[in-house]
Amino acid sequence: MKGRKLSRRDILHGSAALAAGSVFASPVRAQAPEPVAITPALVEAAKREGKLIFYSSMDLPIGEKLGKAFEAAFPGVAIQIERSGSERLFQRIDQEFGSNIHAADVINTSDASHIITWKRKGWLAPFVPEDVAKHFLAEYRDPDGKSATSRIHLSSIAYNTNLVKPEDAPKSFADLLDPKWAGKMVKGHPAYSGTIMTATFQMVRELGWEYMEKLSKQRVMQVQSSTDPPKKPSLGERAVMVDGNEYGVVLLKEAGQPVEPVYPAEGAPTISGPTAIFASAPHPNAARLFQAWFHTRETQQFFTDFTAQYSVHAQVLSKPGRRKISDIKLMKEDAQGVEKMTEEIKTRYARLFRV
Amino acid sequence: MTITTTDTPKRRRDLTRPILWLFAAFMTVLIVLPLSWLVVFAFTDKARYPTLQNFVTLFTDPAFLDPLLTTGIIATTSAVICCLVAAPIGWLVSRTDMPGRQIIRALVTASFVTPPFLGAVAWELLAAPNSGMLNQLYRYLTGAEDPLFDIYSLTGLIFVISCYTFPFVFVLVANALDNMPGELEDASAILGGRAWTTARRVTIPLALPALVAGALIAFLQAMTLFGSPAILALPAGFHIMTTKIWSLFQYPPKLELAAAAAVPLLVLTILLLQGQKFLLGRRGFSVVGGKYGPPRPVEMGGWRWAALAFCLIVLLNPVFLPYFALLNAAFSPNATTLVTPSTATLHNIVFVFTELSSTQLALKNTVILGASTATVGTILALVVAYVTTRRVIASHRMLGFLATAPVAVPGIVLGVGLFLSYTRPPFVLYGTLWILLLAFLTINLPSAYQQLQAAFATIHPELEDASRILGATRLQSLRQITAPLLRTGVIATWCFIFIGVMRELSAAIVLFTSQTKVLSVLIYDLNESGDLAAISVLGIAMLVITFAVVLAVNRIPIFGGGAGARLRNS
């Protein structure tokens with residue numbers, strides 16, 4: 001509670017769950033390249049390119065603020081952010097690369113299984129920032145140096161405090177099946193959002209498709225991005241959010257909106273957000289500079305503070321007053337499982353929820 | 001008498017023919033290439049072996065049949081509602097002494113200029129069941145629990161679609177009534193016909209072709225619309241055809257199924273267009289030609305004000321309420337809370353114009369595409385309309401058909417067709433603005449062509465013939481005789497296409513890349529993450545740009561400045 005730093009032990013403890021190494025386990029072990037620090041030469045090279053195109057699934061104002069911070073740190077490098085849901089970004093990358101269009105430099109996705117696919121296709125460039133090599137646990141960096149986990153966030157339940165009294169609020173996913181919530185809930189869509197895809201995978205694994213089937217009978221309002229659900233209880237459009245960005249709820253609450261996050265008794269779905277550089281990046285040096293800068297202690301601290309997400313950088317402290325990830329019961333991540341089940345989830349989900 | 005076949009002996013260098021053939025070739029590639037790829041994909045499997053399996057898959061799957069049925073319901077009801085609303089307003093504006101007729105016309109134009117997806121977002125702000133401002137007001141006034149409106153429903157979607165489709169019907173009906181000879185009605189009155197008899201025996205039959213055509217256009221618009229359904233149908237929990245087709249593009253893309261899913265829409269459209277021909281074949285030409293006096297306005301007495309009130313109440317829905325909701329959201333810290341002087345904020349505007357990194361690019365792309373598509377499209381439509389009305393080259397009928405054909409292709413389907421065509425040699429255009437230009441051109445060609453063909457039809461060929469007899473080439477006579485007479489029609493067409501580009505989302509959503517993003521796509525992306533305030537700011541910017549451009553174009557002196565300032569679409 002005293003703003004204690006989020007130590008390695010915390011993370012290990014809190015996310016004992018986060019399947020060790022499974023995200024990046026690859027059959028052929030290549031050697032990760034030597035770690036690189038931000039050198040004047042790198043900065044100069046980036047400035048000569050002058051531009052960076054960043055595909056990102058982060059909530060838009062947050063992504064743009066991060067971009068502005070980067071521009072302020074390195075004047076002369078303009079950043080353009082393409083925000084969309086991770087699953088849509090995945091589709092767009094596929095469509096663009098398939099047509100030999102390589103506009104994207106760097107990508108941050110909230111579906112870690114995408115990294116597996118892109119690595120298999122040979123689309124990612126190896127690059128290890130110094131901080132990642134020194135301060136990131138092995139399970140949060142690719143053994144081949146092709147990505148690093150820039151953020152961890154949760155998908156939580158939340159409710160509008162004007163519409164629901166704390167004692168009546170749902171405590172668990174099971175509570176959401178109560179008929180009293182019928183027609184009063186909102187959730188994101190796994191075919192659009194990587195966060196919801198990852199969360200749906202974990203929920204189905206823990207609770208079974210039967211749970212989803214019962215939930216689909218509750219007349220749930222369906223939106224797309226995981227950044228949208230927090231805004232619905234905040235506006236009072238729906239009383240309860242089934243899934244969506246916990247950080248969005250926390251930020252809205254801190255801004256004085258009538259929302260309260262609920263960490264479900266069954267565990268909160270946990271989502272790693274890795275960042276990677278494309279081998280075909282048109283601005284490779286700007287991309288490296290961004291990747292190095294994004295994972296420094298300073299940026300990670302700043303990012304954690306203003307986005308209410310969680311950092312895996314060993315030296316980053318959690319902001320006083322915020323709940324620490326080690327105090328939250330989490331569901332276990334399994335990127336390879338997600339990769340295998342993506343199609344099944346999309347199909348069965350569409351059948352149940354009819355969209 | 002035509003002169004085309006008798007001027008060969010002189011062998012003067014007349015470049016008309018090669019130029020026209022060039023246009024014909026371009027048109028053919030423009031339209032036939034994407035449609036052929038669609039057909040190929042619809043009737044083949046992944047390895048491009050012929051198969052009907054795609055259709056079997058679709059027609060045995062309730063997840064496909066339900067959207068088909070829903071689309072039918074939406075298109076039919078929207079078309080009926082549009083006619084019920086647009087016909088009386090068209091008549092009031094055109095044939096009565098109702099006050100404020102020009103204002104009503106301008107307001108209908110405003111609802112036409114409003115992109116349907118923007119209207120859908122505005123109506124979310126107004127009539128989302130719990131946070132919607134109208135529902136909040138209703139609850140406040142009555143203390144009721146249940147919402148008055150639920151925009152996330154089939155009825156809600158039909159309502160929003162009708163709001164932004166009825167201008168199509170209005171324009172056709174109002175123009176038909178504007179051009180209707182007053183003498184016919186006078187004759188009926190002189191022969192003792194009362195007002196109602198005259199209306200029933202003269203006015204309505206004369207206006208009927210326009211109304212039927214309007215109903216058809218409304219039906220087609222509603223059937224192929226992507227924006228409003230994409231925004232409202234998902235939360236409502238159902239698909240329509242266009243959103244279903246869009247979902248088939250998601251990873252891994254099922255392009256064969258998407259192409260096959262487009263076929264029913266295509267067939268239905270062609271049947272409808274044929275049906276219209278059959279219905280109207282015998283009518284509608286009686287008012288063309290000759291000199292008639294302007295129609296006499298019907299004197300409405302005390303009902304004038306009631307009529308005006310009716311028009312304004314109708315226009316609350318597509319214009320006043322949505323614009324108010326957007327303005328409110330743009331300046332409010334919380335999109336659906338009524339803004340007060342103390343809570344008003346510029347934060348959203350600052351965010352959109354200084355922090356949102358895609359704003360400038362999208363603005364630039366949209367304006368470039370709008371202006372270039374409008375210019376190229378007007379020229380193309382002008383040539384095709386000329387060729388078909390004057391029967392200049394042998395295959396003029398074919399050319400006319402080609403120019404009308406895209407009307408049968410929903411934007412999103414055309415988007416796929418273009419994607420399939422222009423991602424492979426010889427034309428690799430995907431990732432450039434060119435592919436979007438081609439898409440917008442194709443989508444807007446039918447209406448542009450229809451307008452200019454109508455404009456040409458009113459100009460007698462004798463004038464051109466006289467000029468040619470006096471020694472002018474075809475191009476000279478076109479420039480000196482026909483062009484000045486067409487001014488108003490050309491300006492209207494240019495504006496029409498420009499607006500069409502601003503409204504267009506369905507093809508753009510398939511064809512854009514990060515460097516070729518347009519405003520409509522940016523707004524759609526923002527909607528997916530629920531950034532309603534940013535949408536409001538961008539939407540207002542978009543409307544301001546459209547109105548400014550339309551006004552500016554109408555004031556350019558060489559185009560006959562101000563003469564045709566009133567935007568007429570047909």
# chains A, B, ... in the order shown; residues from 1 in each chain; ligands from 1
$ closest_atom_pairs --of "segment 95-189 of chain A" --to "segment 336-342 of chain A" --cutoff "8 Å" --atoms "only C-alpha atoms" --output "tab-separated table"
residue	atom	partner	partner_atom	distance
A:Ser113	CA	A:Glu339	CA	5.2
A:His114	CA	A:Glu339	CA	7.4
A:Ile116	CA	A:Gln336	CA	7.6
A:Thr117	CA	A:Glu339	CA	8.0
$ write_last_selection --atoms "C-alpha atoms" --output "JSON list (two decimals), in the first residue's frame"
[["chain", "number", "residue", "atom", "x", "y", "z"],
["A", 113, "SER", "CA", -0.86, -15.10, -29.98],
["A", 114, "HIS", "CA", -0.43, -12.79, -32.97],
["A", 116, "ILE", "CA", 3.43, -16.49, -32.76],
["A", 117, "THR", "CA", 1.81, -16.21, -36.19]]
$ residues_around --residues "Ala457 of chain B" --least-positions-apart "3" --cutoff "10 Å" --atoms "only C-alpha atoms" --output "NGL selection string"
:B and (288-289 or 385-386 or 388-390 or 451-454 or 460-461)
$ closest_residue --among "A:Asp59, A:Glu343, A:Glu87, A:Asp105" --to "Pro230 of chain A" --atoms "only C-alpha atoms"
A:Asp59
$ closest_residue --among "A:Leu60, A:Ala112, A:Ala314, A:Val132" --to "Asp228 of chain A" --atoms "only C-alpha atoms"
A:Leu60
$ residues_around --residues "Leu220 of chain B" --least-positions-apart "4" --cutoff "10 Å" --atoms "only C-alpha atoms" --output "ChimeraX atom specification"
/B:75-76,79,165,214-216,224-225,265,268-269,272-273,407-410
$ select_by_dssp --residues "segment 182-297 of chain A" --states "strand (DSSP E or B)" --output "ChimeraX atom specification"
/A:185-187,221-222,240-241,245,259-262,268,270-278
$ residues_around --residues "segment 369-371 of chain B" --least-positions-apart "6" --cutoff "8 Å" --atoms "only C-alpha atoms" --output "PyMOL selection string"
chain B and resi 433+436-437+497-499+501-502
$ select_by_dssp --residues "segment 282-503 of chain B" --states "alpha helix (DSSP H)" --output "PyMOL selection string"
chain B and resi 303-315+321-331+347-350+359-390+396-404+411-421+433-457+461-469+474-477+483-503
$ write_last_selection --atoms "C-alpha atoms" --output "compact mmCIF listing (two decimals), in the first residue's frame"
# COMPACT_ATOMS: atom_id res chain seq x y z
CA TRP B 303 -53.22 25.47 -43.46
CA ARG B 304 -49.98 27.06 -44.68
CA TRP B 305 -48.56 27.28 -41.21
CA ALA B 306 -49.70 23.80 -40.26
CA ALA B 307 -47.94 22.53 -43.38
CA LEU B 308 -44.75 24.36 -42.45
CA ALA B 309 -44.96 22.95 -38.95
CA PHE B 310 -45.33 19.47 -40.39
CA CYS B 311 -42.22 19.90 -42.53
CA LEU B 312 -40.19 21.27 -39.64
CA ILE B 313 -41.29 18.45 -37.34
CA VAL B 314 -40.23 15.89 -39.91
CA LEU B 315 -36.91 17.66 -40.34
CA LEU B 321 -31.94 16.92 -33.29
CA PRO B 322 -28.84 15.11 -34.63
CA TYR B 323 -26.94 18.35 -35.25
CA PHE B 324 -27.83 19.50 -31.77
CA ALA B 325 -26.63 16.19 -30.30
CA LEU B 326 -23.34 16.39 -32.19
CA LEU B 327 -22.72 20.00 -31.17
CA ASN B 328 -23.53 19.17 -27.58
CA ALA B 329 -21.20 16.17 -27.54
CA ALA B 330 -18.42 18.18 -29.16
CA PHE B 331 -18.36 20.67 -26.30
CA HIS B 347 -10.92 19.52 -24.81
CA ASN B 348 -12.53 17.37 -27.51
CA ILE B 349 -11.70 19.86 -30.22
CA VAL B 350 -8.12 20.23 -29.00
CA THR B 359 -6.91 13.75 -38.37
CA GLN B 360 -4.84 15.80 -40.79
CA LEU B 361 -4.08 12.93 -43.12
CA ALA B 362 -7.71 11.84 -43.22
CA LEU B 363 -8.89 15.39 -43.86
CA LYS B 364 -6.38 15.85 -46.65
CA ASN B 365 -7.17 12.51 -48.29
CA THR B 366 -10.90 13.11 -48.10
CA VAL B 367 -10.76 16.54 -49.69
CA ILE B 368 -8.37 15.39 -52.42
CA LEU B 369 -10.53 12.39 -53.20
CA GLY B 370 -13.77 14.37 -53.05
CA ALA B 371 -12.58 17.02 -55.47
CA SER B 372 -10.83 14.68 -57.89
CA THR B 373 -13.62 12.11 -57.95
CA ALA B 374 -16.17 14.85 -58.51
CA THR B 375 -14.16 16.31 -61.38
CA VAL B 376 -13.31 13.06 -63.11
CA GLY B 377 -16.77 11.65 -62.44
CA THR B 378 -18.54 14.66 -63.90
CA ILE B 379 -16.44 14.54 -67.05
CA LEU B 380 -16.97 10.81 -67.44
CA ALA B 381 -20.70 11.03 -66.83
CA LEU B 382 -20.90 13.96 -69.20
CA VAL B 383 -19.28 12.01 -72.02
CA VAL B 384 -21.35 8.91 -71.44
CA ALA B 385 -24.56 10.90 -71.21
CA TYR B 386 -23.66 12.69 -74.43
CA VAL B 387 -22.86 9.49 -76.23
CA THR B 388 -26.04 7.77 -75.14
CA THR B 389 -28.44 10.64 -75.73
CA ARG B 390 -26.89 11.51 -79.11
CA HIS B 396 -23.81 3.58 -76.93
CA ARG B 397 -26.45 1.36 -75.36
CA MET B 398 -23.76 -0.80 -73.84
CA LEU B 399 -22.02 2.28 -72.47
CA GLY B 400 -25.22 3.49 -70.87
CA PHE B 401 -25.74 0.10 -69.31
CA LEU B 402 -22.17 0.07 -67.97
CA ALA B 403 -22.63 3.47 -66.41
CA THR B 404 -25.82 2.34 -64.67
CA GLY B 411 -20.41 -0.48 -52.07
CA ILE B 412 -18.90 -3.10 -49.85
CA VAL B 413 -19.13 -5.70 -52.60
CA LEU B 414 -17.62 -3.32 -55.09
CA GLY B 415 -14.87 -2.75 -52.54
CA VAL B 416 -14.01 -6.44 -52.63
CA GLY B 417 -14.23 -6.54 -56.39
CA LEU B 418 -11.81 -3.63 -56.62
CA PHE B 419 -9.58 -5.17 -54.01
CA LEU B 420 -9.42 -8.41 -56.01
CA SER B 421 -8.78 -6.48 -59.24
CA LEU B 433 -5.46 6.87 -53.30
CA TRP B 434 -6.08 5.69 -56.87
CA ILE B 435 -7.99 2.62 -55.80
CA LEU B 436 -10.26 4.76 -53.64
CA LEU B 437 -10.71 7.16 -56.53
CA LEU B 438 -11.80 4.28 -58.74
CA ALA B 439 -14.17 3.01 -56.04
CA PHE B 440 -15.80 6.37 -55.45
CA LEU B 441 -15.97 7.00 -59.17
CA THR B 442 -17.73 3.72 -59.83
CA ILE B 443 -20.14 4.14 -56.94
CA ASN B 444 -21.16 7.65 -57.95
CA LEU B 445 -21.22 7.12 -61.69
CA PRO B 446 -24.82 5.86 -62.02
CA SER B 447 -26.44 8.83 -60.33
CA ALA B 448 -24.11 11.30 -62.03
CA TYR B 449 -24.89 9.71 -65.37
CA GLN B 450 -28.64 9.74 -64.72
CA GLN B 451 -28.55 13.42 -63.83
CA LEU B 452 -26.54 14.49 -66.83
CA GLN B 453 -28.49 12.28 -69.16
CA ALA B 454 -31.64 14.00 -67.97
CA ALA B 455 -29.92 17.34 -68.51
CA PHE B 456 -28.88 16.37 -72.06
CA ALA B 457 -32.35 15.13 -72.85
CA PRO B 461 -29.72 18.11 -80.77
CA GLU B 462 -30.71 20.60 -83.49
CA LEU B 463 -28.55 23.23 -81.82
CA GLU B 464 -25.46 21.04 -82.03
CA ASP B 465 -26.34 19.93 -85.51
CA ALA B 466 -26.60 23.53 -86.64
CA SER B 467 -23.17 24.25 -85.26
CA ARG B 468 -21.72 21.22 -87.03
CA ILE B 469 -23.34 22.11 -90.32
CA ARG B 474 -18.07 17.69 -82.61
CA LEU B 475 -15.78 18.78 -79.80
CA GLN B 476 -16.09 22.45 -80.80
CA SER B 477 -19.84 22.32 -80.92
CA ALA B 483 -21.52 23.08 -72.40
CA PRO B 484 -23.00 26.49 -71.52
CA LEU B 485 -26.50 25.03 -71.60
CA LEU B 486 -25.47 22.27 -69.21
CA ARG B 487 -23.83 24.47 -66.58
CA THR B 488 -26.37 24.03 -63.83
CA GLY B 489 -26.60 20.31 -64.34
CA VAL B 490 -22.83 19.96 -64.29
CA ILE B 491 -22.45 21.92 -61.06
CA ALA B 492 -25.20 19.93 -59.41
CA THR B 493 -23.54 16.70 -60.52
CA TRP B 494 -20.14 17.80 -59.27
CA CYS B 495 -21.58 18.64 -55.84
CA PHE B 496 -23.57 15.44 -55.81
CA ILE B 497 -20.45 13.35 -56.35
CA PHE B 498 -18.45 15.35 -53.81
CA ILE B 499 -21.14 14.73 -51.21
CA GLY B 500 -21.28 11.10 -52.27
CA VAL B 501 -17.57 10.74 -51.51
CA MET B 502 -17.97 12.32 -48.07
CA ARG B 503 -20.84 9.92 -47.31
$ closest_residue --among "B:Pro50, B:Pro116, B:Gly539, B:Pro99" --to "Val352 of chain B" --atoms "only C-alpha atoms"
B:Gly539
$ atom_distance --atom1 "atom CA of Leu163 of chain A" --atom2 "atom CA of Gly236 of chain A"
7.6 Å
$ closest_atom_pairs --of "chain B" --to "chain A" --cutoff "6 Å" --atoms "only C-alpha atoms" --output "tab-separated table"
residue	atom	partner	partner_atom	distance
B:Asn130	CA	A:Glu237	CA	4.7
B:Ser131	CA	A:Glu237	CA	4.6
B:Pro235	CA	A:Gln222	CA	4.5
B:Gly237	CA	A:Val355	CA	5.8
B:Phe238	CA	A:Val355	CA	5.7
B:Tyr251	CA	A:Gln91	CA	5.0
B:Ser357	CA	A:Gln80	CA	5.4
B:Thr423	CA	A:Ser99	CA	5.8
B:Glu528	CA	A:Gln224	CA	5.6
B:Ser529	CA	A:Asp228	CA	4.7
B:Gly530	CA	A:Asp228	CA	4.8
$ write_last_selection --atoms "N, CA and C atoms" --output "compact mmCIF listing (two decimals), in the first residue's frame"
# COMPACT_ATOMS: atom_id res chain seq x y z
N ASN B 130 -30.77 4.04 -22.48
CA ASN B 130 -30.59 4.59 -21.14
C ASN B 130 -29.90 5.94 -21.11
N SER B 131 -28.83 6.08 -21.89
CA SER B 131 -28.09 7.34 -21.82
C SER B 131 -28.58 8.35 -22.85
N PRO B 235 -24.82 -3.62 -31.69
CA PRO B 235 -25.37 -3.55 -30.32
C PRO B 235 -26.79 -4.12 -30.25
N GLY B 237 -27.76 -6.64 -31.87
CA GLY B 237 -27.66 -8.10 -31.90
C GLY B 237 -28.19 -8.75 -33.16
N PHE B 238 -28.09 -8.09 -34.30
CA PHE B 238 -28.42 -8.78 -35.55
C PHE B 238 -27.52 -8.28 -36.67
N TYR B 251 -10.45 -11.82 -40.59
CA TYR B 251 -9.45 -12.86 -40.69
C TYR B 251 -10.00 -14.21 -40.24
N SER B 357 -3.47 11.72 -34.23
CA SER B 357 -2.46 11.86 -35.29
C SER B 357 -3.00 11.57 -36.68
N THR B 423 -5.08 -5.58 -56.69
CA THR B 423 -3.96 -6.00 -55.86
C THR B 423 -3.04 -6.91 -56.65
N GLU B 528 -15.93 2.37 -33.10
CA GLU B 528 -15.67 1.03 -32.56
C GLU B 528 -15.12 1.10 -31.15
N SER B 529 -14.39 2.16 -30.85
CA SER B 529 -13.87 2.26 -29.49
C SER B 529 -14.72 3.20 -28.64
N GLY B 530 -15.86 3.63 -29.18
CA GLY B 530 -16.79 4.42 -28.38
C GLY B 530 -16.36 5.85 -28.10
